[in-house]
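Q: See run03.txt below, with compact mmCIF, C-alpha atoms.
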```
# COMPACT_ATOMS: atom_id res chain seq x y z
CA MET L 13 0.00 0.00 0.00
CA ASP L 14 2.80 2.39 0.89
CA ARG L 15 4.61 1.52 -2.33
CA ILE L 16 1.49 2.26 -4.42
CA GLN L 17 1.03 5.60 -2.66
CA VAL L 18 4.68 6.56 -3.31
CA THR L 19 4.34 5.67 -6.99
CA GLU L 20 1.20 7.76 -7.34
CA ASN L 21 2.88 10.68 -5.57
CA ALA L 22 5.88 10.36 -7.90
CA LYS L 23 3.64 10.42 -10.96
CA LYS L 24 1.85 13.46 -9.61
CA TYR L 25 5.20 15.22 -9.01
CA VAL L 26 6.48 14.41 -12.50
CA GLY L 27 3.21 15.63 -14.00
CA ASP L 28 3.31 18.88 -12.07
CA SER L 29 6.94 19.45 -13.07
CA ALA L 30 6.15 18.88 -16.74
CA LYS L 31 3.26 21.35 -16.54
CA LYS L 32 5.51 23.93 -14.86
CA GLU L 33 8.19 23.47 -17.53
CA GLU L 34 5.59 23.77 -20.27
CA GLY L 35 4.14 26.86 -18.63
CA GLY L 36 7.59 28.39 -18.23
CA LEU L 37 8.40 27.75 -21.90
CA TRP L 38 5.13 29.34 -22.99
CA GLU L 39 5.78 32.39 -20.80
CA THR L 40 9.21 32.76 -22.39
CA ILE L 41 7.70 32.54 -25.88
CA LYS L 42 5.10 35.16 -24.98
CA VAL L 43 7.77 37.54 -23.67
CA ILE L 44 9.77 37.13 -26.89
CA ILE L 45 6.69 37.75 -29.05
CA GLN L 46 5.77 40.84 -27.01
CA ALA L 47 9.31 42.18 -27.30
CA LEU L 48 9.27 41.68 -31.06
CA LEU L 49 5.90 43.40 -31.37
CA ILE L 50 7.13 46.35 -29.31
CA ALA L 51 10.26 46.59 -31.49
CA VAL L 52 8.16 46.57 -34.68
CA VAL L 53 5.83 49.25 -33.30
CA VAL L 54 8.74 51.47 -32.20
CA ARG L 55 10.48 51.06 -35.55
CA THR L 56 7.29 51.73 -37.51
CA VAL L 57 5.80 54.55 -35.45
CA LEU L 58 8.61 56.25 -33.54
CA PHE L 59 12.27 55.75 -34.44
CA GLN L 60 14.32 53.74 -36.90
CA PRO L 61 18.08 53.21 -36.52
CA PHE L 62 20.14 54.06 -39.59
CA ASN L 63 23.84 53.92 -40.34
CA ILE L 64 25.84 56.08 -42.74
CA PRO L 65 27.52 53.93 -45.41
CA SER L 66 28.89 56.71 -47.65
CA GLY L 67 30.52 60.12 -47.42
CA SER L 68 27.89 62.16 -49.28
CA LEU L 69 26.99 64.20 -46.17
CA ILE L 70 30.52 64.90 -44.93
CA PRO L 71 31.22 66.98 -42.86
CA THR L 72 27.78 66.80 -41.18
CA LEU L 73 27.58 63.00 -41.11
CA LEU L 74 30.53 60.62 -41.38
CA ILE L 75 30.86 57.05 -42.54
CA GLY L 76 30.38 54.95 -39.41
CA ASP L 77 27.78 57.23 -37.79
CA TYR L 78 24.73 55.45 -36.39
CA LEU L 79 21.67 57.60 -35.90
CA PHE L 80 17.99 57.59 -35.05
CA VAL L 81 15.45 58.74 -37.62
CA SER L 82 12.09 60.00 -36.32
CA LYS L 83 9.23 58.37 -38.26
CA TYR L 84 6.47 60.59 -36.90
CA THR L 85 7.97 63.90 -38.05
CA TYR L 86 6.62 63.69 -41.60
CA GLY L 87 3.69 61.41 -40.87
CA TYR L 88 3.37 57.90 -42.29
CA SER L 89 3.31 56.33 -45.72
CA LYS L 90 3.72 52.74 -46.85
CA HIS L 91 7.48 53.36 -46.69
CA SER L 92 7.24 53.91 -42.93
CA MET L 93 6.75 50.18 -42.51
CA PRO L 94 9.30 47.41 -43.11
CA PHE L 95 9.31 46.22 -46.74
CA SER L 96 6.92 49.05 -47.76
CA PRO L 97 3.71 46.97 -48.02
CA PRO L 98 1.17 48.56 -50.39
CA LEU L 99 -1.49 49.02 -47.70
CA PHE L 100 -2.36 52.59 -48.70
CA SER L 101 -1.10 55.46 -50.84
CA GLY L 102 -0.06 58.96 -49.83
CA ARG L 103 0.62 59.95 -46.21
CA ILE L 104 -1.41 60.03 -43.04
CA PHE L 105 -0.82 62.53 -40.22
CA GLY L 106 1.50 64.20 -42.73
CA SER L 107 3.76 67.15 -41.97
CA GLU L 108 5.93 68.72 -44.65
CA PRO L 109 9.73 68.73 -44.29
CA LYS L 110 11.50 72.01 -43.73
CA ARG L 111 14.26 73.32 -45.89
CA GLY L 112 17.54 72.16 -44.37
CA ASP L 113 16.21 68.95 -42.78
CA ILE L 114 18.35 65.85 -43.22
CA ALA L 115 15.89 63.21 -44.35
CA VAL L 116 15.92 59.50 -45.09
CA PHE L 117 13.89 58.49 -48.14
CA LYS L 118 13.32 55.58 -50.48
CA LEU L 119 15.11 55.98 -53.79
CA PRO L 120 12.43 56.83 -56.37
CA LYS L 121 14.00 54.49 -58.95
CA ASP L 122 13.24 51.33 -56.96
CA ASN L 123 11.21 52.51 -53.92
CA SER L 124 13.31 50.26 -51.68
CA THR L 125 16.88 51.58 -51.32
CA ASP L 126 17.37 53.93 -48.36
CA TYR L 127 19.07 57.26 -49.13
CA ILE L 128 19.84 60.15 -46.80
CA LYS L 129 20.31 63.75 -47.98
CA ARG L 130 19.52 67.33 -47.02
CA VAL L 131 16.23 68.94 -48.12
CA ILE L 132 17.19 71.91 -50.30
CA GLY L 133 14.24 72.57 -52.60
CA LEU L 134 10.52 72.66 -51.75
CA PRO L 135 7.65 72.23 -54.24
CA GLY L 136 7.67 75.05 -56.78
CA ASP L 137 11.26 76.13 -56.06
CA ARG L 138 13.77 76.74 -58.84
CA ILE L 139 17.16 75.21 -57.95
CA GLN L 140 20.44 75.78 -59.74
CA VAL L 141 24.16 75.52 -58.98
CA ILE L 142 26.47 78.07 -60.63
CA GLY L 143 30.20 77.87 -60.02
CA GLY L 144 29.58 75.75 -56.95
CA VAL L 145 27.17 78.30 -55.45
CA LEU L 146 23.65 77.08 -54.73
CA HIS L 147 20.86 79.30 -56.07
CA ILE L 148 17.24 79.08 -54.89
CA ASN L 149 14.64 80.93 -56.94
CA GLY L 150 17.30 82.95 -58.70
CA THR L 151 19.02 84.13 -55.51
CA PRO L 152 22.46 82.81 -54.47
CA VAL L 153 22.47 81.14 -51.08
CA GLN L 154 24.71 82.86 -48.57
CA ARG L 155 27.95 80.99 -47.95
CA GLU L 156 31.13 81.89 -46.12
CA ARG L 157 34.55 80.33 -46.62
CA VAL L 158 35.86 78.79 -43.40
CA GLN L 159 38.84 76.64 -42.45
CA ASP L 160 39.63 73.79 -44.84
CA TYR L 161 38.27 70.37 -43.96
CA THR L 162 40.55 67.34 -43.88
CA THR L 163 39.07 64.30 -45.56
CA THR L 164 40.46 61.51 -47.76
CA ASP L 165 40.90 61.33 -51.52
CA LEU L 166 39.91 58.45 -53.78
CA TYR L 167 42.97 56.51 -52.60
CA GLY L 168 42.33 56.99 -48.90
CA ARG L 169 45.03 59.61 -48.44
CA PRO L 170 44.35 62.67 -46.22
CA VAL L 171 43.64 65.83 -48.15
CA ALA L 172 42.49 69.34 -47.16
CA VAL L 173 39.50 70.61 -49.15
CA PRO L 174 37.63 73.96 -49.22
CA GLN L 175 34.85 74.22 -46.64
CA TYR L 176 31.97 76.71 -46.51
CA ARG L 177 29.27 77.64 -44.06
CA GLU L 178 26.05 77.71 -46.06
CA THR L 179 22.90 79.45 -44.77
CA LEU L 180 19.53 78.77 -46.37
CA PRO L 181 16.81 81.45 -46.73
CA ASN L 182 15.02 80.14 -43.60
CA GLY L 183 18.17 80.58 -41.49
CA VAL L 184 19.27 76.92 -41.33
CA SER L 185 23.07 76.88 -41.41
CA TYR L 186 25.51 74.00 -41.94
CA TYR L 187 28.89 73.20 -43.48
CA VAL L 188 29.57 71.93 -46.99
CA ILE L 189 32.81 70.89 -48.67
CA GLU L 190 33.95 71.26 -52.27
CA ARG L 191 36.45 68.50 -52.94
CA ASP L 192 36.95 69.69 -56.55
CA ASN L 193 37.06 73.37 -55.54
CA ASN L 194 33.87 74.53 -57.33
CA ARG L 195 34.91 72.80 -60.55
CA GLY L 196 33.11 69.51 -59.99
CA TYR L 197 30.74 67.86 -62.45
CA TRP L 198 27.65 69.09 -60.58
CA ASP L 199 29.01 72.58 -59.74
CA ASN L 200 27.24 74.04 -62.80
CA THR L 201 23.74 72.83 -63.57
CA ASP L 202 20.60 73.76 -65.43
CA VAL L 203 17.62 75.12 -63.52
CA TYR L 204 15.55 72.43 -61.79
CA THR L 205 11.91 73.29 -61.07
CA VAL L 206 10.67 71.22 -58.14
CA GLN L 207 7.44 69.41 -58.95
CA PRO L 208 4.34 69.50 -56.72
CA ASP L 209 4.61 67.09 -53.77
CA HIS L 210 8.33 66.56 -54.49
CA TYR L 211 11.55 67.69 -52.82
CA PHE L 212 15.03 68.48 -54.08
CA MET L 213 17.74 66.74 -52.05
CA MET L 214 21.49 67.40 -51.94
CA GLY L 215 24.48 66.11 -50.01
CA ASP L 216 26.82 68.40 -48.05
CA ASN L 217 29.81 66.79 -49.77
CA ARG L 218 28.87 68.59 -52.97
CA ASP L 219 31.37 66.94 -55.33
CA ASN L 220 30.83 63.43 -53.98
CA SER L 221 27.06 63.08 -53.69
CA THR L 222 24.60 61.35 -55.97
CA ASP L 223 21.47 63.39 -55.31
CA SER L 224 18.60 65.22 -57.01
CA ARG L 225 21.01 66.95 -59.37
CA ASP L 226 21.47 63.56 -61.02
CA GLU L 227 18.04 62.99 -62.53
CA ALA L 228 18.99 59.61 -63.96
CA SER L 229 20.03 58.16 -60.59
CA VAL L 230 17.99 59.99 -57.95
CA GLY L 231 16.00 62.96 -59.22
CA GLN L 232 13.32 64.71 -57.21
CA VAL L 233 11.88 62.80 -54.27
CA PRO L 234 8.10 62.29 -53.91
CA TYR L 235 6.59 63.25 -50.57
CA GLU L 236 5.37 59.66 -50.17
CA ASN L 237 8.95 58.36 -50.32
CA LEU L 238 10.10 60.21 -47.21
CA VAL L 239 10.85 57.84 -44.32
CA GLY L 240 11.80 60.26 -41.55
CA ARG L 241 14.10 62.98 -40.28
CA ALA L 242 17.58 62.33 -38.89
CA GLU L 243 17.61 63.41 -35.24
CA ILE L 244 20.62 62.24 -33.21
CA ILE L 245 23.84 60.25 -33.53
CA PHE L 246 23.75 57.48 -30.92
CA PHE L 247 27.00 55.77 -31.93
CA SER L 248 29.95 56.55 -34.19
CA ILE L 249 32.96 54.48 -35.09
CA ASP L 250 35.83 55.14 -37.46
CA GLU L 251 35.14 53.73 -40.92
CA SER L 252 38.33 51.66 -40.81
CA ALA L 253 37.10 49.77 -37.73
CA SER L 254 34.42 47.12 -37.48
CA LEU L 255 31.34 47.11 -35.30
CA TRP L 256 31.90 43.37 -34.87
CA ARG L 257 35.42 43.78 -33.40
CA PRO L 258 34.57 45.41 -30.07
CA TRP L 259 38.14 45.17 -28.80
CA GLU L 260 38.99 47.96 -31.28
CA TRP L 261 36.27 50.28 -30.02
CA PRO L 262 38.21 52.23 -27.36
CA GLN L 263 40.56 53.52 -30.07
CA SER L 264 37.99 53.70 -32.87
CA ILE L 265 34.85 55.16 -31.29
CA ARG L 266 34.36 58.85 -32.04
CA TRP L 267 33.40 59.72 -28.47
CA GLY L 268 32.77 63.39 -29.23
CA ARG L 269 30.01 62.51 -31.71
CA LEU L 270 27.95 60.31 -29.39
CA PHE L 271 24.45 61.71 -28.69
CA GLU L 272 25.12 64.69 -30.92
CA GLY L 273 22.05 66.32 -32.46
CA ILE L 274 21.91 66.49 -36.25
CA ARG L 275 21.53 69.86 -37.95
```
Go ahead and express the file in the form of structure tokens.
A:
Amino acid sequence: MDRIQVTENAKKYVGDSAKKEEGGLWETIKVIIQALLIAVVVRTVLFQPFNIPSGSLIPTLLIGDYLFVSKYTYGYSKHSMPFSPPLFSGRIFGSEPKRGDIAVFKLPKDNSTDYIKRVIGLPGDRIQVIGGVLHINGTPVQRERVQDYTTTDLYGRPVAVPQYRETLPNGVSYYVIERDNNRGYWDNTDVYTVQPDHYFMMGDNRDNSTDSRDEASVGQVPYENLVGRAEIIFFSIDESASLWRPWEWPQSIRWGRLFEGIR
């Protein structure tokens, strides 16, 4: 009788343990699912991380900068969501970008590649570059020559290039560089008239930026293609280092750029 009772108690214990393990596994799965859902919501509605893979916005943004892009600033389109599902057209809760914003957008050619440039031209504007000087609606944009900026040439060698402080009509001011000293391919252009619901985008590295000046590659950007506005650099590492080799970070992290606002 005692042996039977012990056996039944053992079975009951094993059964309870299995149920607890099953319950614990299910709780873990639920936590993971909830975390993933929260991450998707944050990425879709609030902020998306973005890294800078090219030097088109030097000196404002450097290769190896990691930043947060606010999704809510311009409202939401299908491009606000991962993989741009065709759930609706246009934008909801839309707010127009301001001249001088640094914005992430989907390349109009394929509606999938992420690009990041500065908003220069608004709908109806006439944009032209003459001798390296940006003109908006027939008026040259104010720019002041400042100390040369040290960057690298096509072979990775350090080189000092002309740098200017450019100020847009609305007062937004930032630095641009002219690697080819106002003699670059895109330093003299025709007049571009910005279409309705489109924006004219340019990089701050004027002679090394594929942007709206190149109509075959980028062209003007539809309002719907805007993803968000660049807000803050949360991490920055020298382009010669690797994010996956953390032992190099103490020497490679650009500590002065961490948590720097983007203008």
Q: Pick the closest to Asn200 in chain L from L:Gln140, L:Ser248, L:Gln175, L:Asn217: which is it, counting only C-alpha atoms?
A: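 Closest candidate: L:Gln140.
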Q: My list of candidates is L:Pro174, L:Pro262, L:Thr222, L:Ala242. Which is closest to Thr85 in chain L when distances are computed with all atoms listed in the file?
A: L:Ala242
Q: Using all atoms listed in the file, find the one residue out of L:His147, L:His91, L:Lys110, L:Arg275 that sits nearest to Asp122 in chain L.
A: L:His91
Q: Between L:Leu238, L:Leu69, L:Val141, L:Met93, which residue has the minimum interatomic distance to Tyr197 in chain L, considering only C-alpha atoms?
A: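 Among the listed residues, L:Val141 lies closest to Tyr197 in chain L.
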Q: Provide the CA of Leu74 in chain L to CA of Pro109 in chain L distance in Å, to one decimal place.
A: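 Here the two named atoms are 22.5 Å from each other.
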Q: Could you give me, as number ranges by chain, the residues within 10 Å of Arg157 in chain L, counting all atoms listed in the file and dropping anything in the same chain fewer than 5 positions from it?
A: L: 174-178, 187-189
Q: Which of these residues is nearest to Leu79 in chain L, using all atoms listed in the file: L:Pro65, L:Pro234, L:Pro120, L:Gly112?
A: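 Ranking L:Pro65, L:Pro234, L:Pro120, L:Gly112 by distance to Leu79 in chain L, first place goes to L:Pro65.
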Q: As a VMD selection string, please: the residues near Ile274 in chain L (cut-off 8 Å, all atoms listed in the file, same-chain neighbours under 5 positions excluded).
A: chain L and resid 72 114 242 to 245
Q: Would you place a box with edges along x, y and z of the file around all atoms of range 136-149 of chain L listed there, add 5 Å to each of its six sides, and report the centre and edge lengths in Å to one decimal, as JSON?
A:
```
{"center_x": 18.9, "center_y": 78.0, "center_z": -57.7, "size_x": 32.5, "size_y": 15.9, "size_z": 15.9}
```
Q: By how many Å are CA of Val81 in chain L and CA of Thr164 in chain L apart?
A: 27.1 Å
Q: Return range 166-189 of chain L, completed with N, CA and C atoms, as a CSV table (one decimal), in the coordinates of the input.
A:
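Written file, part_39.csv:
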```
chain,number,residue,atom,x,y,z
L,166,LEU,N,40.4,59.7,-53.3
L,166,LEU,CA,39.9,58.4,-53.8
L,166,LEU,C,40.8,57.3,-53.4
L,167,TYR,N,42.0,57.6,-53.0
L,167,TYR,CA,43.0,56.5,-52.6
L,167,TYR,C,43.1,56.4,-51.1
L,168,GLY,N,42.3,57.1,-50.3
L,168,GLY,CA,42.3,57.0,-48.9
L,168,GLY,C,43.4,57.9,-48.2
L,169,ARG,N,44.0,58.7,-49.0
L,169,ARG,CA,45.0,59.6,-48.4
L,169,ARG,C,44.4,60.9,-47.9
L,170,PRO,N,44.9,61.4,-46.8
L,170,PRO,CA,44.4,62.7,-46.2
L,170,PRO,C,44.6,63.8,-47.2
L,171,VAL,N,43.5,64.7,-47.3
L,171,VAL,CA,43.6,65.8,-48.2
L,171,VAL,C,42.8,66.9,-47.6
L,172,ALA,N,43.3,68.2,-47.6
L,172,ALA,CA,42.5,69.3,-47.2
L,172,ALA,C,41.7,69.9,-48.3
L,173,VAL,N,40.4,70.1,-48.1
L,173,VAL,CA,39.5,70.6,-49.2
L,173,VAL,C,38.8,71.9,-48.7
L,174,PRO,N,38.4,72.7,-49.6
L,174,PRO,CA,37.6,74.0,-49.2
L,174,PRO,C,36.3,73.6,-48.5
L,175,GLN,N,36.1,74.4,-47.4
L,175,GLN,CA,34.8,74.2,-46.6
L,175,GLN,C,34.1,75.6,-46.5
L,176,TYR,N,32.8,75.5,-46.6
L,176,TYR,CA,32.0,76.7,-46.5
L,176,TYR,C,30.9,76.5,-45.5
L,177,ARG,N,30.5,77.6,-44.9
L,177,ARG,CA,29.3,77.6,-44.1
L,177,ARG,C,28.1,78.2,-44.9
L,178,GLU,N,27.2,77.3,-45.2
L,178,GLU,CA,26.0,77.7,-46.1
L,178,GLU,C,24.8,78.0,-45.2
L,179,THR,N,24.1,79.1,-45.5
L,179,THR,CA,22.9,79.4,-44.8
L,179,THR,C,21.7,79.6,-45.7
L,180,LEU,N,20.7,78.8,-45.5
L,180,LEU,CA,19.5,78.8,-46.4
L,180,LEU,C,18.6,80.0,-46.1
L,181,PRO,N,17.7,80.3,-46.9
L,181,PRO,CA,16.8,81.4,-46.7
L,181,PRO,C,16.0,81.4,-45.4
L,182,ASN,N,15.8,80.2,-44.9
L,182,ASN,CA,15.0,80.1,-43.6
L,182,ASN,C,15.9,80.2,-42.4
L,183,GLY,N,17.2,80.4,-42.6
L,183,GLY,CA,18.2,80.6,-41.5
L,183,GLY,C,18.9,79.3,-41.1
L,184,VAL,N,18.6,78.2,-41.7
L,184,VAL,CA,19.3,76.9,-41.3
L,184,VAL,C,20.7,77.0,-41.9
L,185,SER,N,21.7,76.7,-41.0
L,185,SER,CA,23.1,76.9,-41.4
L,185,SER,C,23.8,75.6,-41.2
L,186,TYR,N,24.8,75.3,-42.0
L,186,TYR,CA,25.5,74.0,-41.9
L,186,TYR,C,26.8,74.1,-42.8
L,187,TYR,N,27.6,73.2,-42.7
L,187,TYR,CA,28.9,73.2,-43.5
L,187,TYR,C,28.8,72.3,-44.7
L,188,VAL,N,29.4,72.7,-45.8
L,188,VAL,CA,29.6,71.9,-47.0
L,188,VAL,C,31.0,71.9,-47.4
L,189,ILE,N,31.4,70.9,-48.1
L,189,ILE,CA,32.8,70.9,-48.7
L,189,ILE,C,32.8,70.8,-50.2
```
